[in-house]
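Peer 1: Got a structure for you, input.tsv, holding TSV, C-alpha atoms.
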chain	number	residue	atom	x	y	z
W	1	MET	CA	40.53	43.62	-10.90
W	2	ARG	CA	36.99	43.78	-12.22
W	3	GLU	CA	37.61	40.85	-14.61
W	4	ARG	CA	39.05	38.76	-11.76
W	5	SER	CA	36.00	39.54	-9.59
W	6	THR	CA	33.65	38.54	-12.41
W	7	PHE	CA	35.56	35.29	-13.00
W	8	CYS	CA	35.43	34.42	-9.29
W	9	GLY	CA	31.71	35.11	-9.22
W	10	ILE	CA	31.06	32.81	-12.19
W	11	ARG	CA	33.25	30.09	-10.67
W	12	PHE	CA	31.38	30.28	-7.37
W	13	ALA	CA	28.00	30.05	-9.15
W	14	VAL	CA	29.12	26.98	-11.13
W	15	LEU	CA	30.37	25.25	-7.96
W	16	CYS	CA	27.06	25.95	-6.20
W	17	LEU	CA	25.12	24.54	-9.16
W	18	LEU	CA	27.22	21.38	-9.27
W	19	GLY	CA	26.88	20.96	-5.52
W	20	SER	CA	23.10	21.26	-5.56
W	21	ALA	CA	22.85	18.84	-8.51
W	22	ALA	CA	24.81	16.22	-6.56
W	23	LEU	CA	22.57	16.33	-3.49
W	24	PRO	CA	19.58	14.36	-4.90
W	25	ALA	CA	21.91	11.57	-6.13
W	26	LEU	CA	23.51	11.30	-2.69
W	27	SER	CA	20.08	11.21	-1.04
W	28	GLN	CA	18.88	8.48	-3.41
W	29	GLU	CA	21.93	6.33	-2.67
W	30	GLU	CA	21.15	6.52	1.05
W	31	THR	CA	17.51	5.52	0.62
W	32	PRO	CA	16.39	1.89	0.15
W	33	VAL	CA	14.36	1.44	-3.04
W	34	PHE	CA	12.00	-1.54	-3.31
W	35	VAL	CA	10.01	-2.92	-6.22
W	36	ILE	CA	6.86	-5.02	-5.68
W	37	THR	CA	6.52	-7.97	-8.07
W	38	GLN	CA	2.81	-7.93	-8.93
W	39	GLU	CA	2.72	-11.27	-10.74
W	40	GLU	CA	3.87	-12.95	-7.52
W	41	SER	CA	1.67	-10.86	-5.21
W	42	LYS	CA	-2.05	-10.72	-4.52
W	43	ILE	CA	-4.75	-8.90	-2.58
W	44	THR	CA	-7.75	-10.95	-1.48
W	45	PHE	CA	-10.82	-10.66	0.76
W	46	TYR	CA	-13.02	-13.08	2.67
W	47	ILE	CA	-16.50	-12.74	4.21
W	48	LYS	CA	-18.03	-15.49	6.32
W	49	SER	CA	-21.30	-16.45	4.66
W	50	SER	CA	-23.75	-19.29	3.99
W	51	VAL	CA	-21.97	-19.88	0.67
W	52	ALA	CA	-18.33	-19.23	-0.20
W	53	LEU	CA	-17.70	-15.51	-0.54
W	54	GLU	CA	-14.10	-14.67	-1.18
W	55	GLY	CA	-12.25	-13.13	-4.04
W	56	THR	CA	-9.25	-11.35	-5.41
W	57	PHE	CA	-8.48	-8.19	-7.38
W	58	GLY	CA	-6.90	-8.26	-10.80
W	59	LYS	CA	-5.77	-4.64	-11.06
W	60	TRP	CA	-3.96	-2.79	-8.29
W	61	GLU	CA	-0.71	-1.09	-7.35
W	62	ALA	CA	1.07	-0.93	-4.00
W	63	PRO	CA	4.27	1.12	-3.98
W	64	LEU	CA	6.28	0.86	-0.75
W	65	THR	CA	8.77	3.67	-0.22
W	66	PHE	CA	11.20	4.69	2.52
W	67	THR	CA	12.71	8.06	3.40
W	68	SER	CA	15.66	6.46	5.22
W	69	PRO	CA	17.00	2.97	6.08
W	70	ASP	CA	14.87	3.05	9.25
W	71	VAL	CA	12.04	0.58	8.62
W	72	THR	CA	9.58	2.78	10.52
W	73	THR	CA	9.78	5.48	7.81
W	74	GLY	CA	7.96	3.27	5.30
W	75	VAL	CA	5.03	4.62	3.31
W	76	LEU	CA	2.53	2.23	1.69
W	77	ASP	CA	-0.03	3.32	-0.90
W	78	ILE	CA	-2.43	0.60	-2.04
W	79	LYS	CA	-4.74	1.54	-4.91
W	80	ILE	CA	-7.18	-1.12	-6.15
W	81	GLN	CA	-9.47	-0.89	-9.17
W	82	ALA	CA	-12.73	-1.94	-7.54
W	83	ASP	CA	-14.27	-3.32	-10.74
W	84	SER	CA	-11.39	-5.83	-11.05
W	85	VAL	CA	-12.91	-7.94	-8.26
W	86	ASN	CA	-13.19	-11.64	-9.06
W	87	THR	CA	-15.07	-14.12	-6.88
W	88	GLY	CA	-15.37	-16.79	-9.55
W	89	SER	CA	-19.08	-16.03	-9.90
W	90	GLY	CA	-20.50	-13.48	-12.32
W	91	MET	CA	-23.61	-13.06	-10.15
W	92	LYS	CA	-21.57	-12.35	-7.02
W	93	ASP	CA	-19.21	-10.04	-8.88
W	94	GLY	CA	-22.12	-8.03	-10.25
W	95	LYS	CA	-23.69	-7.66	-6.82
W	96	ILE	CA	-20.41	-6.66	-5.15
W	97	LYS	CA	-19.68	-4.08	-7.85
W	98	GLY	CA	-23.19	-2.60	-7.48
W	99	LYS	CA	-24.36	0.37	-5.43
W	100	ASP	CA	-25.09	-1.72	-2.31
W	101	PHE	CA	-21.44	-2.70	-1.97
W	102	PHE	CA	-18.43	-1.27	-3.85
W	103	ASP	CA	-20.51	1.09	-6.02
W	104	VAL	CA	-17.75	1.04	-8.62
W	105	GLU	CA	-19.38	3.53	-11.00
W	106	LYS	CA	-19.20	6.33	-8.44
W	107	ASN	CA	-16.15	5.05	-6.54
W	108	PRO	CA	-13.77	3.26	-8.90
W	109	PHE	CA	-10.93	2.85	-6.39
W	110	ILE	CA	-10.36	1.20	-3.02
W	111	THR	CA	-7.32	2.66	-1.27
W	112	PHE	CA	-5.18	2.30	1.83
W	113	HIS	CA	-2.53	4.87	2.74
W	114	SER	CA	-0.11	4.58	5.63
W	115	ASP	CA	2.97	6.66	6.38
W	116	LYS	CA	3.92	4.92	9.62
W	117	ILE	CA	5.26	1.47	10.47
W	118	VAL	CA	5.36	0.24	14.06
W	119	GLN	CA	7.61	-2.77	14.71
W	120	THR	CA	5.88	-5.05	17.23
W	121	GLY	CA	8.29	-8.00	17.09
W	122	PRO	CA	11.37	-9.32	15.24
W	123	THR	CA	9.33	-9.85	12.04
W	124	THR	CA	5.91	-8.40	12.90
W	125	PHE	CA	4.61	-4.90	12.26
W	126	ASP	CA	1.53	-2.68	12.48
W	127	MET	CA	0.80	-0.16	9.76
W	128	PRO	CA	-1.96	2.27	10.84
W	129	GLY	CA	-3.47	4.21	7.98
W	130	THR	CA	-6.55	5.47	6.17
W	131	PHE	CA	-8.77	2.96	4.38
W	132	THR	CA	-11.22	4.24	1.76
W	133	ILE	CA	-13.96	2.23	0.08
W	134	ARG	CA	-17.09	3.47	-1.74
W	135	GLY	CA	-16.06	7.03	-0.87
W	136	VAL	CA	-15.91	6.51	2.90
W	137	SER	CA	-12.57	6.91	4.69
W	138	LYS	CA	-11.78	5.58	8.17
W	139	PRO	CA	-8.66	4.69	10.17
W	140	GLU	CA	-7.71	1.02	9.99
W	141	THR	CA	-4.56	-0.96	10.74
W	142	LEU	CA	-2.79	-3.46	8.53
W	143	THR	CA	-0.94	-6.05	10.63
W	144	PHE	CA	1.76	-7.93	8.80
W	145	ASN	CA	4.66	-10.33	9.00
W	146	VAL	CA	7.88	-10.08	6.97
W	147	THR	CA	9.92	-12.99	5.64
W	148	GLY	CA	13.39	-12.69	4.12
W	149	LYS	CA	14.49	-9.90	6.46
W	150	GLY	CA	18.04	-8.81	5.71
W	151	THR	CA	18.26	-10.67	2.36
W	152	GLY	CA	17.18	-7.83	0.07
W	153	SER	CA	14.04	-9.68	-1.04
W	154	GLY	CA	11.09	-11.24	0.70
W	155	GLU	CA	7.36	-11.20	1.31
W	156	ILE	CA	4.98	-9.06	3.31
W	157	LYS	CA	1.88	-10.94	4.51
W	158	GLY	CA	-0.65	-8.57	6.01
W	159	THR	CA	-4.24	-8.73	7.23
W	160	MET	CA	-6.85	-6.12	7.98
W	161	ALA	CA	-10.46	-6.58	9.10
W	162	PHE	CA	-13.28	-4.05	8.95
W	163	ASP	CA	-17.04	-3.86	9.46
W	164	ARG	CA	-18.70	-3.41	6.07
W	165	LYS	CA	-21.60	-1.48	7.62
W	166	ASP	CA	-19.17	1.20	8.83
W	167	TYR	CA	-18.69	1.99	5.14
W	168	GLY	CA	-22.33	2.01	4.12
W	169	MET	CA	-22.57	-1.60	2.92
W	170	ASN	CA	-25.70	-2.36	4.88
W	171	LYS	CA	-27.53	-4.70	2.53
W	172	GLY	CA	-27.02	-8.36	1.77
W	173	ILE	CA	-27.08	-10.69	-1.21
W	174	PRO	CA	-30.35	-12.47	-2.09
W	175	PHE	CA	-30.53	-15.99	-0.63
W	176	VAL	CA	-27.06	-15.61	0.91
W	177	LYS	CA	-26.48	-14.87	4.57
W	178	ILE	CA	-23.29	-12.84	5.01
W	179	ALA	CA	-21.42	-11.54	8.05
W	180	ASP	CA	-20.54	-7.89	8.66
W	181	ARG	CA	-16.82	-8.55	9.13
W	182	VAL	CA	-14.64	-8.39	6.03
W	183	GLU	CA	-11.11	-9.77	6.16
W	184	VAL	CA	-8.54	-8.44	3.70
W	185	THR	CA	-5.23	-10.19	3.04
W	186	VAL	CA	-2.30	-8.44	1.37
W	187	ASN	CA	0.57	-10.62	0.15
W	188	LEU	CA	3.32	-8.55	-1.45
W	189	LYS	CA	6.56	-9.98	-2.79
W	190	GLY	CA	9.36	-7.54	-3.53
W	191	LYS	CA	13.07	-6.88	-3.64
W	192	ARG	CA	15.47	-4.04	-2.93
W	193	VAL	CA	16.85	-2.72	-6.23
W	194	SER	CA	19.09	0.03	-4.85
W	195	GLY	CA	20.16	1.77	-1.69
W	196	PRO	CA	21.21	0.34	1.69
W	197	PRO	CA	19.37	-2.45	3.55
W	198	LEU	CA	16.58	-1.63	5.97
W	199	VAL	CA	17.43	-1.29	9.65
W	200	PHE	CA	15.20	-3.19	12.08
W	201	LYS	CA	15.15	-2.97	15.83
W	202	GLN	CA	16.28	-6.14	17.58
In structure tokens, what does this structure look like?
Peer 2:
Amino acid sequence: MRERSTFCGIRFAVLCLLGSAALPALSQEETPVFVITQEESKITFYIKSSVALEGTFGKWEAPLTFTSPDVTTGVLDIKIQADSVNTGSGMKDGKIKGKDFFDVEKNPFITFHSDKIVQTGPTTFDMPGTFTIRGVSKPETLTFNVTGKGTGSGEIKGTMAFDRKDYGMNKGIPFVKIADRVEVTVNLKGKRVSGPPLVFKQ
């Protein structure tokens, strides 16, 4: 009787272990997984000024994850290496990287984190989150449009505008008159590599 009890106990423990090991795999199958194609994507900025002042970033990452097929469960984490800015002008790049603007030596990253997506139309969305630049964090909203809905691949085109002086960028560039408003554009191309398709409200 004691041997039978011991055998039953071992069998029960093995079944519990196998059951718990299967849970993560089941969860992963039920969660859409997307991959952003960086070589086809870009993050840019524009500032109205007396001379052209716009640029792009060469080094960044922007994982987009979901906890369920519901599109509103999306989480976006953009992390940009501030010193990868490129305006096409070494003088402008140096000024923007300096302490009056990005201050890249003390604050090497520009980030945006959002864990909420609000669908505002058939293909339009708001993504409120926290934007951090030169060590200052404030709430901002990325507004974007999605193409390729329901196909498993597509593009997210988003825009966000902020006042540079809210983040301590109070100075200008010599001989260049610049506005306070900074417009950021995020174009991300990606595809679903596993899991079910996203569910959108009609």
Peer 1: Do you know which residues are at most 12 Å from Thr147 (chain W) counting all atoms listed in the file, after dropping those on the same chain fewer than 5 positions away, and could you put them as a compact mmCIF listing (two decimals) with C-alpha atoms, in the coordinates of the input?
Peer 2:
# COMPACT_ATOMS: atom_id res chain seq x y z
CA PRO W 122 11.37 -9.32 15.24
CA THR W 123 9.33 -9.85 12.04
CA THR W 124 5.91 -8.40 12.90
CA PHE W 125 4.61 -4.90 12.26
CA GLY W 152 17.18 -7.83 0.07
CA SER W 153 14.04 -9.68 -1.04
CA GLY W 154 11.09 -11.24 0.70
CA GLU W 155 7.36 -11.20 1.31
CA ILE W 156 4.98 -9.06 3.31
CA LYS W 157 1.88 -10.94 4.51
CA GLY W 158 -0.65 -8.57 6.01
CA ASN W 187 0.57 -10.62 0.15
CA LEU W 188 3.32 -8.55 -1.45
CA LYS W 189 6.56 -9.98 -2.79
CA GLY W 190 9.36 -7.54 -3.53
CA LYS W 191 13.07 -6.88 -3.64
Peer 1: What's the 10 Å shell around Phe109 (chain W), counting all atoms listed in the file, without same-chain residues fewer than 5 positions away, as a list in words?
Peer 2: Trp60, Ile78, Lys79, Ile80, Gln81, Ala82, Asp83, Ser84, Phe102, Asp103, Val104, Thr132, Ile133, Arg134 and Gly135 of chain W
Peer 1: Restricting the calculation to all atoms listed in the file: of W:Thr65, W:Thr87, W:Ser50, W:Thr111, which residue gets closest to Val33 (chain W)?
Peer 2: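 Under the stated criterion, the closest residue is W:Thr65.
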Peer 1: W:Ile110, W:Val75, W:Leu53, W:Val199: which is nearest Glu183 (chain W), counting only C-alpha atoms?
Peer 2: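 Using only C-alpha atoms, the shortest distance to Glu183 (chain W) belongs to W:Leu53.
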Peer 1: Which residue out of W:Val193, W:Ile117, W:Met91, W:Ala52 has the minimum interatomic distance to Asp70 (chain W) when all atoms listed in the file are used?
Peer 2: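 Residue with the minimum atom-to-atom distance to Asp70 (chain W): W:Ile117.
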Peer 1: Would you mind reading off the distance between CA of Phe162 (chain W) and CA of Gly90 (chain W), one decimal, in Å?
Peer 2: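 Atom-to-atom, CA of Phe162 (chain W) and CA of Gly90 (chain W) are spaced 24.4 Å apart.
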Peer 1: If I put a ball of radius 8 Å at (-15.9, 8.3, 7.4) in the file's coordinates, which residues poke into it when counting all atoms listed in the file, written as a ChimeraX atom specification?
Peer 2: /W:136-138,166-167
Peer 1: Generate a file of the selected residues that holds C-alpha atoms, formatted as an mmCIF file, in the coordinates of the input.
Peer 2:
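As written to disk, out03.cif reads:
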data_model
loop_
_atom_site.group_PDB
_atom_site.id
_atom_site.type_symbol
_atom_site.label_atom_id
_atom_site.label_comp_id
_atom_site.auth_asym_id
_atom_site.auth_seq_id
_atom_site.Cartn_x
_atom_site.Cartn_y
_atom_site.Cartn_z
ATOM 1 C CA VAL W 136 -15.910 6.510 2.900
ATOM 2 C CA SER W 137 -12.570 6.910 4.690
ATOM 3 C CA LYS W 138 -11.780 5.580 8.170
ATOM 4 C CA ASP W 166 -19.170 1.200 8.830
ATOM 5 C CA TYR W 167 -18.690 1.990 5.140
#
Peer 1: With distances taken over all atoms listed in the file, which residue among W:Ala62, W:Ile47, W:Met160, W:Glu140 lies nearest Val184 (chain W)?
Peer 2: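 Between W:Ala62, W:Ile47, W:Met160, W:Glu140, the residue approaching Val184 (chain W) most closely is W:Met160.
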Peer 1: I want to know what sits within 12 Å of Thr73 (chain W), based on only C-alpha atoms, with residues of the same chain fewer than 5 positions away left out; could you give that as a list in words?
Peer 2: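 Contacts, with the query itself left out: Thr31, Pro32, Leu64, Thr65, Phe66, Thr67, Ser68, Ser114, Asp115, Lys116, Ile117, Val118, Gln119, Met127, Leu198, Val199 and Phe200 of chain W.
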Peer 1: Quick one: pull the distance between CA of Tyr46 (chain W) and CA of Arg181 (chain W), Å, one decimal.
Peer 2: 8.8 Å
Peer 1: Using Å and a single decimal, report how far CA of Thr141 (chain W) sits from CA of Thr120 (chain W).
Peer 2: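 Here the two named atoms are 13.0 Å from each other.
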Peer 1: Looking at W:Glu54, W:Ser49, W:Lys177, W:Leu76, which one is nearest to Ile36 (chain W), with distances taken over all atoms listed in the file?
Peer 2: W:Leu76
Peer 1: Using all atoms listed in the file, which of W:Asn145, W:Asn170, W:Thr185, W:Thr151 sits nearest Gly55 (chain W)?
Peer 2: W:Thr185
Peer 1: Starting from 5 Å padding per side, set up an axis-aligned box that covers all listed atoms of region 76-83 of chain W and hand over centre and edge lengths in Å, one decimal, as JSON.
Peer 2:
{"center_x": -5.9, "center_y": 0.0, "center_z": -4.5, "size_x": 26.8, "size_y": 16.6, "size_z": 22.4}
